[in-house]
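Okay, so here's the structure we're looking at.
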Amino acid sequence: MKMVREWLRFFAIAALTLAFGAPAAAQSDTLASVKQKGKIVVGVKADYKPFGYTDPSGKIVGLEIDLANDVAKRMGVQIELVPVIAANRMEFLKQGRIDLMIATMAYKPDRAEVVGIPQPFYYAGAANVFAKKSSGLKAWADLKGKPICAIQGAYYNRRTGEEFGANLVVFKGVTEAMAALEAGNCVGTVFDTTYFAGIMSDPKWADYAMVLPSIDPEPWGVGVRKEDTKFAAYMSDVIKDWHKTGYILELEKKWGIPQSPFLVEQQAKNK
Amino acid sequence: MRATPPSPAALICQMRRGGLSQRERRQNQPLSLGKRGRGEGAALFSTRTGVALAIVFVASIAVAQIRTQPASASVLELLVKWTPLLATGFLFNLLISFFAMVVGTASGLLLAFARISPRRSLRGTSWIVVQFFRNAPWLVLLFFVMYLLPFQFRLGSVTIPFPDWIKATLGLALPIMANVAEIVRGAVQSIPTAQWDAARSLAFSRRQTLWKIILPQCVKRMLPPWMNWYAILTMATTLASIVGVSEVMTITLRITNAEGRTDLLIPIYSYVLLWFFLYCYPISRWTRRLEARYGQR
């Protein structure tokens, strides 16, 4: 009996700690709070070349960082970049740690329930398998029973493993997965077409190609706080303008990314 | 949890030792404080391990050097180029380990006092706390703290930022707290109980006995296992990479992704491993020296 009482007391204290320690609700009017602070905090990737990666001085650079800077310039405020990973980016946004997220996030209905994803989308990727041209892989069904390298947290991993029956060998980083591919530990690597497009020009990968038809085309969206419809509307206009002026197409050229048909299509649509 | 009535042997023992309450007697045996003074942390950091690590590192660079394509930069150049950034990441590991140890030790000491308190309710509660934090996986605690604590506090009109690495520090301090509590409790209980009685007969209060008589003798016994935990904690700081703190493992991943060079992987990871070794090795050597010295007495 005494033990039970002590347990109860322990949980009561724990619950109180949680209740009082809970973070204050994030501001729901990002536009106003950013203007007032004079600074916008943007969550970006620091490990996804060339969209967001680190240079030797520790600075984060890349296509998405240019986009983030453009947003800050339009609002006339300073910018602070916060490196995020897939596991914490939505949490940071909800907590108010970041005001805006531009972090290679593919649109998913369940993600849209947690954060606001203003439209139109600014980019689009799809999944493909990078393998030796001589591998004989032609269709996704050919992957059945074959070892395929994959990267933690990619949404198409599940489909590749369950629907197509590939034996997934999952890595934390894409470089590790590519090393395993090079060493022959798997016949191919399943990942974003945007990534493969960036490395194809490297002579090291001359014998390799994206051998299958791309699947699961997924548009990438920026993230804002769910309840903040005002800021979402603002970002929609910004993205529309990016498409209209061909700004992202220019940035693709700057960062050596092959032209994406999605952007051309969006430019025509938003003219 | 009512204990069965004490056996005759225990009663005799109680009579001989006298003094302390029966409750205090019923507590667990003191922790063994590393019999010959060889904790798990210490064994890892032998000179032999160091030599093996250095060989792996040099060999990995040599192999990478041969395989590197002529037009691209050599692996050694890349390592040199990224070393400053790696160092800033490693600094976070050291800061996290240092502050987690400070916080964990201070709170662990308090927890240990609760564990040996004459008050039953306090002992019970602290027992639960210790068991919980000693047995919960470190990574789980880390996730818990990372996503539970706010990123800033507001005190009146002042906002105090609460960066990620400090949250990670608190998360790692929790298991350290519980383990330090056990070290302190074990050390206190390893001091012959007759000293408590002697102190009481000289009219020392319980607090005075603890601070002026028992704890000073414990320091020597606690130091080696405590330093072992520091070495273990230092290695565990890389867990913070999983929750997105920009420490050395996170930075390493960013570097390999920025370079996109598969031949860089083994050299750079063994390079980081070597850093950790070079930091932990002197601590481990020192721990073993202390253990040997105090073991003789």
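Identifiers in the structure tokens: chain A, B, ... in order shown; residue index from 1 per chain; ligand index from 1 in order shown.
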Near stretch 73-89 of chain A, within 9 Å and counting only C-alpha atoms, which residues show up once chain neighbours fewer than 6 positions away are dropped, as an MDAnalysis selection string? (chainID A and resid 31 34:35 37:47 52 60 65 97:98 101 103:105 153 238) or (chainID B and resid 147 242:246)
Using only C-alpha atoms, I'd like every residue of chain B that has an atom within 9 Å of chain A; please write them out as a PyMOL selection string. chain B and resi 1+69+81-85+88+121+124-125+128-129+147-154+242-246+250-251+253-263+265
Requested write-out: C-alpha atoms of the selected residues, as a compact mmCIF listing (two decimals), in the first residue's frame:
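The result, written out as out-v5.txt:
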# COMPACT_ATOMS: atom_id res chain seq x y z
CA MET B 1 7.32 -4.35 0.46
CA GLN B 69 41.07 9.40 -58.88
CA LYS B 81 40.55 21.10 -44.92
CA TRP B 82 37.72 19.96 -42.63
CA THR B 83 39.68 19.67 -39.39
CA PRO B 84 38.73 23.13 -38.04
CA LEU B 85 35.04 22.39 -38.50
CA THR B 88 34.24 22.93 -33.37
CA SER B 121 9.28 7.67 2.02
CA GLY B 124 11.50 4.68 -1.52
CA THR B 125 11.02 7.57 -3.92
CA ILE B 128 12.47 4.47 -7.88
CA VAL B 129 14.19 7.46 -9.43
CA TYR B 147 11.35 17.35 -27.32
CA LEU B 148 9.92 18.10 -23.91
CA LEU B 149 11.90 21.16 -22.91
CA PRO B 150 11.18 24.49 -24.59
CA PHE B 151 13.89 26.09 -26.74
CA GLN B 152 13.64 29.30 -24.73
CA PHE B 153 12.37 30.47 -21.38
CA ARG B 154 10.59 33.70 -20.68
CA ILE B 242 20.67 11.49 -33.48
CA VAL B 243 18.63 14.35 -32.06
CA GLY B 244 20.29 16.90 -34.33
CA VAL B 245 22.88 18.61 -32.10
CA SER B 246 25.81 19.89 -34.19
CA THR B 250 26.64 15.34 -37.05
CA ILE B 251 29.45 17.40 -38.55
CA LEU B 253 27.88 13.26 -41.67
CA ARG B 254 27.57 16.76 -43.11
CA ILE B 255 31.14 16.63 -44.35
CA THR B 256 30.77 13.27 -46.06
CA ASN B 257 27.59 14.51 -47.71
CA ALA B 258 29.18 17.77 -48.79
CA GLU B 259 32.12 15.94 -50.36
CA GLY B 260 30.11 13.00 -51.67
CA ARG B 261 33.33 10.98 -51.63
CA THR B 262 32.86 7.35 -50.71
CA ASP B 263 36.59 6.88 -50.19
CA LEU B 265 34.27 7.48 -45.12
Can you list every residue in stretch 78-183 of chain B that DSSP puts in alpha helix (DSSP H), as a count of residues only? 85
Please list as number ranges by chain every residue within 12 Å of A:Lys269, counting only C-alpha atoms and excluding residues in the same chain fewer than 2 positions away. A: 120, 240-241, 243-246, 262-267, 271
What does the file look like for those residues with C-alpha atoms, as a JSON list (two decimals), in the first residue's frame?
[["chain", "number", "residue", "atom", "x", "y", "z"],
["A", 120, "PRO", "CA", 2.26, 25.88, -54.93],
["A", 240, "LYS", "CA", 4.33, 31.87, -57.02],
["A", 241, "ASP", "CA", 6.67, 34.75, -57.69],
["A", 243, "HIS", "CA", 8.04, 30.32, -60.33],
["A", 244, "LYS", "CA", 6.90, 33.31, -62.36],
["A", 245, "THR", "CA", 10.33, 34.89, -62.48],
["A", 246, "GLY", "CA", 12.14, 31.59, -62.99],
["A", 262, "PHE", "CA", 8.49, 20.45, -62.81],
["A", 263, "LEU", "CA", 9.91, 23.98, -62.65],
["A", 264, "VAL", "CA", 9.41, 24.61, -66.37],
["A", 265, "GLU", "CA", 5.83, 23.46, -66.04],
["A", 266, "GLN", "CA", 5.23, 25.70, -63.00],
["A", 267, "GLN", "CA", 6.73, 28.69, -64.75],
["A", 271, "LYS", "CA", 3.04, 33.31, -66.11]]
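In this structure, atom CA of A:Trp205 sits 25.7 Å away from atom CA of B:Val80.
When only C-alpha atoms are used to measure the gap to A:Asp202, the shortest distance among A:Gly256, A:Ile102, A:Leu63, A:Val222 belongs to A:Gly256.
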Do you know which residues are at most 12 Å from stretch 132-144 of chain A counting only C-alpha atoms, after dropping those on the same chain fewer than 4 positions away, and could you put them as number ranges by chain? A: 127-128, 148-149, 159-168, 181-182, 184, 186-190, 204-215
Write the residues of the preceding selection, restricted to C-alpha atoms, as a JSON list (two decimals), in the first residue's frame.
[["chain", "number", "residue", "atom", "x", "y", "z"],
["A", 127, "ALA", "CA", 12.36, 8.06, -56.42],
["A", 128, "ASN", "CA", 14.59, 6.00, -58.63],
["A", 148, "ILE", "CA", 19.06, -2.54, -52.43],
["A", 149, "CYS", "CA", 20.75, 0.26, -50.47],
["A", 159, "ARG", "CA", 7.12, 0.64, -50.92],
["A", 160, "THR", "CA", 10.42, -0.62, -52.32],
["A", 161, "GLY", "CA", 10.67, -3.22, -49.61],
["A", 162, "GLU", "CA", 7.05, -4.29, -49.23],
["A", 163, "GLU", "CA", 5.50, -3.88, -52.65],
["A", 164, "PHE", "CA", 8.51, -4.70, -54.80],
["A", 165, "GLY", "CA", 10.13, -7.16, -52.40],
["A", 166, "ALA", "CA", 13.67, -5.72, -52.41],
["A", 167, "ASN", "CA", 15.96, -6.58, -49.50],
["A", 168, "LEU", "CA", 16.63, -3.12, -48.14],
["A", 181, "LEU", "CA", 26.86, 0.35, -53.75],
["A", 182, "GLU", "CA", 30.39, 0.93, -55.00],
["A", 184, "GLY", "CA", 29.06, -4.24, -54.44],
["A", 186, "CYS", "CA", 23.91, -3.99, -53.05],
["A", 187, "VAL", "CA", 22.88, -3.92, -56.70],
["A", 188, "GLY", "CA", 21.41, -0.45, -56.55],
["A", 189, "THR", "CA", 20.55, 2.51, -54.31],
["A", 190, "VAL", "CA", 17.03, 3.82, -54.05],
["A", 204, "LYS", "CA", 33.36, 7.85, -61.02],
["A", 205, "TRP", "CA", 29.72, 7.04, -61.68],
["A", 206, "ALA", "CA", 30.07, 6.84, -65.49],
["A", 207, "ASP", "CA", 28.97, 3.18, -65.56],
["A", 208, "TYR", "CA", 25.92, 3.90, -63.44],
["A", 209, "ALA", "CA", 22.53, 5.41, -64.21],
["A", 210, "MET", "CA", 18.99, 5.73, -62.93],
["A", 211, "VAL", "CA", 17.86, 2.46, -64.45],
["A", 212, "LEU", "CA", 14.15, 2.35, -63.61],
["A", 213, "PRO", "CA", 11.22, 4.61, -64.45],
["A", 214, "SER", "CA", 10.87, 7.17, -61.61],
["A", 215, "ILE", "CA", 8.07, 6.50, -59.14]]
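Considering only C-alpha atoms, the residue among B:Val272, B:Val158, B:Leu174, B:Ala187 positioned nearest to B:Val140 is B:Leu174.
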Neighbours of B:Val103 within 8 Å (only C-alpha atoms; same-chain residues fewer than 4 positions away dropped), as a short mmCIF file (atom, residue, chain, number, x, y, z; two decimals) with N, CA and C atoms, in the first residue's frame?
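Result written to out38.cif:
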data_model
loop_
_atom_site.label_atom_id
_atom_site.label_comp_id
_atom_site.auth_asym_id
_atom_site.auth_seq_id
_atom_site.Cartn_x
_atom_site.Cartn_y
_atom_site.Cartn_z
N PHE B 99 29.65 19.50 -18.74
CA PHE B 99 28.51 20.01 -17.97
C PHE B 99 27.56 18.90 -17.52
N SER B 107 23.53 16.54 -8.77
CA SER B 107 22.21 15.99 -8.48
C SER B 107 22.32 14.56 -7.97
N LEU B 170 21.48 18.09 -20.39
CA LEU B 170 20.57 17.69 -19.32
C LEU B 170 20.12 16.25 -19.50
N ALA B 173 22.80 14.03 -18.42
CA ALA B 173 23.08 14.15 -16.99
C ALA B 173 22.18 13.22 -16.17
N MET B 177 23.44 11.07 -13.18
CA MET B 177 22.94 11.35 -11.84
C MET B 177 22.64 10.05 -11.09
#
Identify, with DSSP run on backbone atoms, the residues in stretch 20-209 of chain A assigned to strand (DSSP E or B), and express the list as number ranges by chain. A: 39-45, 47-48, 52-54, 60-61, 78-84, 100-102, 106, 116, 123-132, 147-151, 167-171, 188-192, 208-209
Take atom CA of A:Ser28 and atom CA of A:Glu227 and report the distance between them in Å, one decimal. 6.4 Å
